[in-house]
Amino acid sequence: AVTVAEDASLSVDGNINGDVTVDGTTDFNSTVINGALTINGDVTLAAEPYDVMNVTIITNNGDLVANTDVYVQKVYTNLGSTTNTIANGEYTIYYVSSFDYENNGGTTTGYIKPYTPVDPSLGYQVFDDKYFVKNDTGIANVLAFNEAKIDVVLESNVAIDVNAALGGAATTAINIDANGSTITFKQEGDIPYNETLAGGKYIKTANTEAVLTICNGNISKTGTTSVDQFNHNILFSTKVVMNNVNSDRAFNFMADAELNNVTIADPNDVYAIWIQPVGQTVILDKCHVLATLGDGIKIEESRTDGTLAKPTLKVSNTEFKTAEKAAIVVNAAVGADITLENVTITETGDQNNAVWIDEDMKDGSYFTNVNVTGGSKTVEP
């Protein structure tokens with residue numbers, strides 16, 4: 001047991017196996033306490049990482065001030081009629097097992113939620129049925145689970161291998177809150193130009209009906225050298241939803257996609273969005289398509305796996321800034337149903353016509369198969 005006297009101060013940088021009673025002032029720096037922490041004096045939990053894995057925190061007359069998250073077994077506070085605080089600042093108290101909380105006149109400003117302890121070497125922890133992922137090992141482990149819903153919150157930048165199917169056969173939803181971090185999709189090696197996508201170098205789910213949702217962060221891609229649309233772009237073969245996302249790589253969609261408040265700022269000479277027409281619906285709202293050296297959206301039938309079918313494209317409250325051509329180009333015999341609302345087109349090759357029909361598809365029914373509402377179309381000059 002460790003006791004810090006009332007008139008003493010102590011700084012701890014290491015682990016303590018036993019109970020700690022603080023009557024004086026104590027700073028803990030990345031300390032794991034395997035015992036009970038009784039706070040009579042003032043305690044500061046220092047910078048990350050800070051994992052109090054097996055501790056009961058009892059606050060009597062002292063302040064608990066934390067600069068990082070606190071993981072505990074049990075929290076018991078008895079602040080009496082004082083104005084002492086527990087959970088002071090922007091951090092979270094995660095707890096397991098029983099939780100007794102008394103705050104008789106004191107102040108609580110933290111956020112308290114359940115915590116299920118997991119071996120730290122696995123790269124994640126479980127709080128309130130969410131996986132808080134710390135590194136690449138953690139995201140690989142979590143995305144391999146066969147659970148109906150996988151909820152992820154990132155605590156750092158991670159890389160995801162595009163060759164691995166996400167989730168399991170029972171998984172219907174994978175939700176990744178990037179939490180301000182960056183997700184980098186790794187594709188090792190280029191797809192030969194004459195190959196279809198059967199090689200598997202694209203983002204996919206084990207259950208083909210599952211929905212992948214990414215929000216609140218950035219996405220990118222590594223591992224390829226070609227600027228071919230199928231190697232350079234981030235390829236999605238499963239339905240994807242993005243909210244509040246920035247990407248420095250263009251997208252290929254082989255299934256439904258919904259983009260809300262998404263910025264695509266690819267600095268290369270590529271289409272920002274490439275849609276393979278297999279009957280899917282692609283929706284953009286409040287997006288920014290910034291292809292300063294390339295083009296906007298292309299609906300293209302070549303190198304498409306599966307049966308060709310007319311896609312639906314809905315674009316609203318979105319701006320296009322592209323180097324050339326129209327904002328949208330269609331090269332598909334099946335055509336497309338396109339709806340535009342409050343779309344701003346600047347710095348493109350054609351600011352009058354939102355949609356171009358590829359010159360190879362200008363004859364017969366190819367032109368009439370492209371239906372445009374809210375804008376105009378023309379054959380590519």
# chains A, B, ... in the order shown; residues from 1 in each chain; ligands from 1
$ residues_around --residues "A:Asp363" --least-positions-apart "5" --cutoff "12 Å" --atoms "only C-alpha atoms" --output "ChimeraX atom specification"
/A:331-333,357-358,368-369,379-380
$ select_by_dssp --residues "stretch 151-335 of chain A" --states "strand (DSSP E)" --output "ChimeraX atom specification"
/A:151-154,158-161,173-177,182-186,211-222,234-236,239-247,251-253,257-264,271-275,281-285,288-291,295-300,312-322,328-331
$ residues_around --residues "A:Ala206" --least-positions-apart "6" --cutoff "7 Å" --atoms "only C-alpha atoms" --output "list in words"
Ala165, Leu166, Gly167, Gly168 and Ala169 of chain A
$ residues_around --residues "A:Asn252" --least-positions-apart "2" --cutoff "9 Å" --atoms "only C-alpha atoms" --output "PyMOL selection string"
chain A and resi 229-230+233-237+250+254+272-276
$ residues_around --residues "A:Thr171" --least-positions-apart "3" --cutoff "7 Å" --atoms "only C-alpha atoms" --output "number ranges by chain"
A: 146-149, 167-168, 207, 210
$ atom_distance --atom1 "atom CA of A:Lys286" --atom2 "atom CA of A:Leu313"
14.4 Å
$ residues_around --residues "A:Asn317" --least-positions-apart "3" --cutoff "12 Å" --atoms "only C-alpha atoms" --output "PyMOL selection string"
chain A and resi 259-262+283-289+314+320+339-345
$ write_last_selection --atoms "N, CA, C and O atoms" --output "short mmCIF file (atom, residue, chain, number, x, y, z; two decimals), in the first residue's frame"
data_model
loop_
_atom_site.label_atom_id
_atom_site.label_comp_id
_atom_site.auth_asym_id
_atom_site.auth_seq_id
_atom_site.Cartn_x
_atom_site.Cartn_y
_atom_site.Cartn_z
N LEU A 259 -23.05 9.91 -50.19
CA LEU A 259 -22.03 10.82 -49.70
C LEU A 259 -22.69 12.09 -49.19
O LEU A 259 -23.41 12.77 -49.94
N ASN A 260 -22.46 12.40 -47.92
CA ASN A 260 -23.01 13.60 -47.30
C ASN A 260 -21.86 14.44 -46.73
O ASN A 260 -21.10 13.96 -45.90
N ASN A 261 -21.76 15.65 -47.21
CA ASN A 261 -20.69 16.55 -46.75
C ASN A 261 -19.32 15.90 -46.93
O ASN A 261 -18.53 15.79 -46.00
N VAL A 262 -19.06 15.46 -48.15
CA VAL A 262 -17.81 14.79 -48.49
C VAL A 262 -17.04 15.67 -49.47
O VAL A 262 -17.61 16.18 -50.43
N ILE A 283 -25.70 8.79 -54.42
CA ILE A 283 -26.27 10.05 -53.95
C ILE A 283 -25.17 10.93 -53.40
O ILE A 283 -24.37 10.48 -52.57
N LEU A 284 -25.13 12.19 -53.83
CA LEU A 284 -24.21 13.18 -53.28
C LEU A 284 -25.03 14.36 -52.77
O LEU A 284 -25.88 14.90 -53.50
N ASP A 285 -24.78 14.77 -51.53
CA ASP A 285 -25.43 15.96 -50.98
C ASP A 285 -24.40 16.76 -50.18
O ASP A 285 -23.67 16.19 -49.37
N LYS A 286 -24.36 18.04 -50.44
CA LYS A 286 -23.44 18.95 -49.74
C LYS A 286 -21.99 18.50 -49.91
O LYS A 286 -21.19 18.50 -48.97
N CYS A 287 -21.64 18.12 -51.14
CA CYS A 287 -20.30 17.62 -51.41
C CYS A 287 -19.49 18.62 -52.23
O CYS A 287 -20.03 19.56 -52.83
N HIS A 288 -18.18 18.40 -52.24
CA HIS A 288 -17.25 19.22 -53.01
C HIS A 288 -16.40 18.29 -53.85
O HIS A 288 -15.61 17.52 -53.31
N VAL A 289 -16.58 18.36 -55.17
CA VAL A 289 -15.82 17.54 -56.10
C VAL A 289 -14.75 18.43 -56.71
O VAL A 289 -15.02 19.23 -57.61
N LYS A 314 -27.99 10.94 -58.07
CA LYS A 314 -28.68 12.10 -57.53
C LYS A 314 -27.65 13.02 -56.88
O LYS A 314 -26.93 12.60 -55.97
N PHE A 320 -18.83 21.46 -58.27
CA PHE A 320 -17.84 20.78 -59.09
C PHE A 320 -16.80 21.80 -59.55
O PHE A 320 -17.15 22.86 -60.08
N THR A 339 -30.39 13.13 -61.60
CA THR A 339 -31.16 14.24 -61.05
C THR A 339 -30.21 15.23 -60.40
O THR A 339 -29.38 14.84 -59.57
N LEU A 340 -30.34 16.51 -60.77
CA LEU A 340 -29.46 17.56 -60.26
C LEU A 340 -30.31 18.63 -59.59
O LEU A 340 -31.34 19.04 -60.11
N GLU A 341 -29.84 19.08 -58.40
CA GLU A 341 -30.55 20.14 -57.69
C GLU A 341 -29.53 21.02 -56.96
O GLU A 341 -28.75 20.51 -56.16
N ASN A 342 -29.56 22.30 -57.28
CA ASN A 342 -28.65 23.25 -56.63
C ASN A 342 -27.20 22.80 -56.77
O ASN A 342 -26.46 22.70 -55.79
N VAL A 343 -26.82 22.56 -58.02
CA VAL A 343 -25.45 22.12 -58.32
C VAL A 343 -24.69 23.29 -58.92
O VAL A 343 -25.15 23.94 -59.85
N THR A 344 -23.50 23.54 -58.38
CA THR A 344 -22.65 24.62 -58.86
C THR A 344 -21.51 24.03 -59.66
O THR A 344 -20.78 23.16 -59.17
N ILE A 345 -21.36 24.50 -60.91
CA ILE A 345 -20.32 23.97 -61.79
C ILE A 345 -19.42 25.13 -62.20
O ILE A 345 -19.85 26.07 -62.86
#
$ closest_residue --among "A:Val370, A:Thr346, A:Thr322, A:Ser181" --to "A:Lys310" --atoms "only C-alpha atoms"
A:Val370
$ residues_around --residues "A:Gly138" --least-positions-apart "6" --cutoff "7 Å" --atoms "only C-alpha atoms" --output "PyMOL selection string"
chain A and resi 122-124
